[in-house]
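Visitor: I'd like to ask you about the structure that follows.
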Amino acid sequence: MLEKSNYSRFYAPMLISFVICLLTSCASKKDVVYFQNAGTFETLVEKNNFIPKFKVDDLVSIHVSTLDNEASVPFNLFRGAQEGGITPQQVDYLIDGQGEIDFPVVGKLKIAGLSPEETRVLLRDRLSEYLKDPIINIRLRNFSVTVLGEVRSPGTYPVIGEKITILEALGLAGDMTIKGQRENVMVIRDFDGTKVYTRINLTDKDALSSPVYYLTQNDVVYVEPNRSAITSSALDNRATIAVSIASVLITSTVLLITRN
């Protein structure tokens with residue numbers, strides 16, 4: 001049997017650990033696993049017909065070329081062409097508040113709300129009276145997404161290409177931490193000054209059909225903390241008090257035992 005003098009030394013750490021465990025909770029499997037209801041070798045047909053569209057304040061690169069290079073020169077603006085030793089750089093087009101760009105020769109073009117392919121068709125039609133069979137290359141220059149909250153590397157990430165999924169964006173941010181709430185991820189999207197908040201459940205395979213599964217330029221993905229993270233945060237604020245209370249209880253218990 002333990003001596004009374006060793007009682008507190010033996011049981012004190014155990015009691016403190018027990019108190020702390022009571023104040024914390026662990027995340028279960030259902031809180032952290034993606035696409036939990038997807039079966040083994042299950043085939044999911046793509047139902048998300050997402051098509052990227054241009055928005056106000058987008059920066060768009062447009063290059064026009066033809067078999068006759070000189071004929072297409074007026075339709076491509078460059079800066080630095082007159083400065084010796086500097087390689088000319090093509091000027092990009094900023095979509096203004098009315099959703100328009102000012103294109104050389106043809107004038108104002110409303111492209112906000114159009115896809116790159118729709119913009120290509122519009123330009124080809126407007127250039128048909130000036131050029132024969134023009135080749136038009138269009139690229140969004142300021143495509144980026146922001147990932148915040150319970151991820152390993154929050155930040156704003158540039159996107160190469162015309163599409164990015166929410167999973168790819170989370171991958172750029174190092175994936176969610178174990179404390180991220182996967183069933184209630186928020187996507188904040190801007191439609192010409194109007195903010196739209198949409199939530200997506202990444203533990204469900206139906207997330208692939210969500211309107212925010214594919215992100216658009218300047219989308220913000222916010223991962224909320226789960227119950228475990230909230231409990232841990234509360235514990236950080238109360239840990240000292242809890243340990244102090246546990247110490248008082250232990251001391252009181254030891255004194256009662258030593259007096260008997």
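Labeling convention for the structure tokens: chains A, B, ... as they appear, residues from 1 per chain, ligands from 1 in order of appearance.
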Write out as JSON lines a residue-level contact list of region 27-63 of chain A versus region 130-139 of chain A with cut-off 6 Å: for each qualifying residue the closest pair of atoms and the distance in Å to one decimal, counting only C-alpha atoms, rows sorted by chain and residue number upward.

Guide:
{"residue": "A:Val60", "atom": "CA", "partner": "A:Arg139", "partner_atom": "CA", "distance": 5.8}
{"residue": "A:Ser61", "atom": "CA", "partner": "A:Arg139", "partner_atom": "CA", "distance": 5.1}
{"residue": "A:Ile62", "atom": "CA", "partner": "A:Ile138", "partner_atom": "CA", "distance": 4.7}
{"residue": "A:His63", "atom": "CA", "partner": "A:Asn137", "partner_atom": "CA", "distance": 5.2}

Visitor: Given the selection you just returned, output its residues as a file containing N, CA, C and O atoms, formatted as an mmCIF file, in the first residue's frame.

Guide:
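New file out-v2.cif:
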data_model
loop_
_atom_site.group_PDB
_atom_site.id
_atom_site.type_symbol
_atom_site.label_atom_id
_atom_site.label_comp_id
_atom_site.auth_asym_id
_atom_site.auth_seq_id
_atom_site.Cartn_x
_atom_site.Cartn_y
_atom_site.Cartn_z
ATOM 1 N N VAL A 60 -8.440 40.668 -68.506
ATOM 2 C CA VAL A 60 -8.511 39.680 -69.577
ATOM 3 C C VAL A 60 -7.437 39.950 -70.628
ATOM 4 O O VAL A 60 -7.253 41.089 -71.080
ATOM 5 N N SER A 61 -6.735 38.882 -71.003
ATOM 6 C CA SER A 61 -5.752 38.963 -72.082
ATOM 7 C C SER A 61 -6.404 38.473 -73.372
ATOM 8 O O SER A 61 -6.985 37.379 -73.404
ATOM 9 N N ILE A 62 -6.331 39.287 -74.438
ATOM 10 C CA ILE A 62 -6.906 38.919 -75.735
ATOM 11 C C ILE A 62 -5.858 39.156 -76.817
ATOM 12 O O ILE A 62 -5.348 40.277 -76.963
ATOM 13 N N HIS A 63 -5.534 38.107 -77.540
ATOM 14 C CA HIS A 63 -4.570 38.233 -78.634
ATOM 15 C C HIS A 63 -5.218 37.762 -79.930
ATOM 16 O O HIS A 63 -5.799 36.677 -79.992
#

Visitor: Skipping near chain neighbours, those fewer than 4 positions away, what residues fall within 6 Å of region 213-223 of chain A using only C-alpha atoms, listed as a VMD selection string?

Guide: chain A and resid 143 to 150 164 to 166 180 185 to 189 208

Visitor: Output N, CA, C and O atoms for every residue in that selection, as a compact mmCIF listing (two decimals), in the first residue's frame.

Guide:
# COMPACT_ATOMS: atom_id res chain seq x y z
N PHE A 143 -7.10 35.37 -62.14
CA PHE A 143 -7.85 34.28 -61.51
C PHE A 143 -7.11 33.84 -60.24
O PHE A 143 -6.02 33.29 -60.29
N SER A 144 -7.74 34.08 -59.11
CA SER A 144 -7.18 33.64 -57.83
C SER A 144 -8.31 33.30 -56.88
O SER A 144 -9.45 33.78 -57.04
N VAL A 145 -8.04 32.45 -55.90
CA VAL A 145 -9.01 32.11 -54.86
C VAL A 145 -8.33 32.25 -53.51
O VAL A 145 -7.11 32.10 -53.39
N THR A 146 -9.12 32.54 -52.50
CA THR A 146 -8.62 32.70 -51.14
C THR A 146 -9.19 31.60 -50.26
O THR A 146 -10.39 31.35 -50.28
N VAL A 147 -8.32 30.94 -49.49
CA VAL A 147 -8.73 29.86 -48.59
C VAL A 147 -8.34 30.25 -47.17
O VAL A 147 -7.16 30.51 -46.89
N LEU A 148 -9.33 30.31 -46.28
CA LEU A 148 -9.10 30.76 -44.91
C LEU A 148 -9.66 29.76 -43.90
O LEU A 148 -10.38 28.83 -44.26
N GLY A 149 -9.32 29.95 -42.65
CA GLY A 149 -9.86 29.12 -41.58
C GLY A 149 -8.96 27.96 -41.22
O GLY A 149 -7.72 28.08 -41.22
N GLU A 150 -9.57 26.81 -40.95
CA GLU A 150 -8.85 25.64 -40.45
C GLU A 150 -8.19 24.85 -41.60
O GLU A 150 -8.57 23.74 -41.92
N ILE A 164 -11.12 25.53 -61.41
CA ILE A 164 -10.52 24.94 -60.22
C ILE A 164 -11.65 24.49 -59.31
O ILE A 164 -12.65 25.20 -59.14
N THR A 165 -11.53 23.29 -58.74
CA THR A 165 -12.54 22.79 -57.80
C THR A 165 -12.19 23.22 -56.39
O THR A 165 -11.06 23.61 -56.09
N ILE A 166 -13.17 23.12 -55.50
CA ILE A 166 -12.93 23.48 -54.11
C ILE A 166 -11.91 22.53 -53.49
O ILE A 166 -11.11 22.93 -52.63
N GLY A 180 -10.87 21.08 -38.97
CA GLY A 180 -11.75 21.73 -39.93
C GLY A 180 -13.11 21.06 -40.03
O GLY A 180 -13.21 19.83 -40.02
N VAL A 185 -18.56 23.78 -45.15
CA VAL A 185 -17.57 24.72 -45.67
C VAL A 185 -18.29 25.85 -46.39
O VAL A 185 -19.21 25.61 -47.19
N MET A 186 -17.90 27.08 -46.10
CA MET A 186 -18.56 28.23 -46.70
C MET A 186 -17.76 28.77 -47.89
O MET A 186 -16.54 28.89 -47.82
N VAL A 187 -18.48 29.10 -48.98
CA VAL A 187 -17.87 29.76 -50.13
C VAL A 187 -18.54 31.12 -50.30
O VAL A 187 -19.77 31.20 -50.40
N ILE A 188 -17.74 32.17 -50.30
CA ILE A 188 -18.25 33.53 -50.48
C ILE A 188 -17.93 33.96 -51.91
O ILE A 188 -16.77 33.99 -52.30
N ARG A 189 -18.98 34.28 -52.66
CA ARG A 189 -18.80 34.60 -54.09
C ARG A 189 -19.36 35.99 -54.37
O ARG A 189 -20.41 36.37 -53.85
N LEU A 208 -20.15 17.09 -55.28
CA LEU A 208 -19.67 17.26 -56.65
C LEU A 208 -20.69 17.97 -57.53
O LEU A 208 -20.34 18.48 -58.59

Visitor: Tell me, counting only C-alpha atoms, for each residue of region 188-230 of chain A within 9 Å of region 35-59 of chain A, which pair of atoms is nearest and how far apart they are in Å to one decimal, in rows ordered by chain and increasing number, as a tab-separated table.

Guide:
residue	atom	partner	partner_atom	distance
A:Asp190	CA	A:Lys55	CA	8.9
A:Phe191	CA	A:Lys55	CA	7.3
A:Asp192	CA	A:Val56	CA	5.9
A:Gly193	CA	A:Val56	CA	8.7
A:Asn201	CA	A:Phe35	CA	8.7
A:Leu202	CA	A:Phe35	CA	6.1
A:Thr203	CA	A:Phe35	CA	4.3
A:Asp204	CA	A:Phe35	CA	4.5
A:Lys205	CA	A:Phe35	CA	4.6
A:Asp206	CA	A:Phe35	CA	8.1
A:Ala207	CA	A:Phe35	CA	8.1
A:Leu208	CA	A:Asn48	CA	7.1
A:Ser209	CA	A:Asn48	CA	5.2
A:Ser210	CA	A:Asn48	CA	7.4
A:Pro211	CA	A:Asn48	CA	7.6
A:Tyr213	CA	A:Asn48	CA	8.3
A:Tyr214	CA	A:Phe50	CA	6.9
A:Leu215	CA	A:Pro52	CA	8.7
A:Thr216	CA	A:Pro52	CA	6.8
A:Gln217	CA	A:Asp58	CA	8.3

Visitor: Using CA of Arg124 (chain A) and CA of Lys110 (chain A) as the two end points, give the distance in Å to one decimal.

Guide: 14.0 Å

Visitor: Separation of CA of Ala112 (chain A) and CA of Gly99 (chain A), in Å?

Guide: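 Going from CA of Ala112 (chain A) over to CA of Gly99 (chain A), I get 4.6 Å.
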
Visitor: When distances are computed from only C-alpha atoms, which of A:Ile86, A:Val33, A:Val151, A:Leu67 shows the smallest separation from Glu224 (chain A)?

Guide: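 Checking each candidate against Glu224 (chain A), we get A:Val151 as the closest.
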
Visitor: Taking only region 28-256 of chain A into account, list the residues labelled strand (DSSP E) by DSSP (computed from the backbone), as a PyMOL selection string.

Guide: chain A and resi 59-65+78-79+89-90+93-94+100-103+107-110+135-140+144-149+155-158+185-191+194-200+220-223

Visitor: Check the DSSP output for the backbone and give back, as a PyMOL selection string, the residues of region 44-211 of chain A in alpha helix (DSSP H).

Guide: chain A and resi 69-72+116-127+166-172

Visitor: What is the CA of Glu100 (chain A) to CA of Gly113 (chain A) distance in Å?

Guide: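 About the pair CA of Glu100 (chain A) and CA of Gly113 (chain A): they are 10.2 Å apart.
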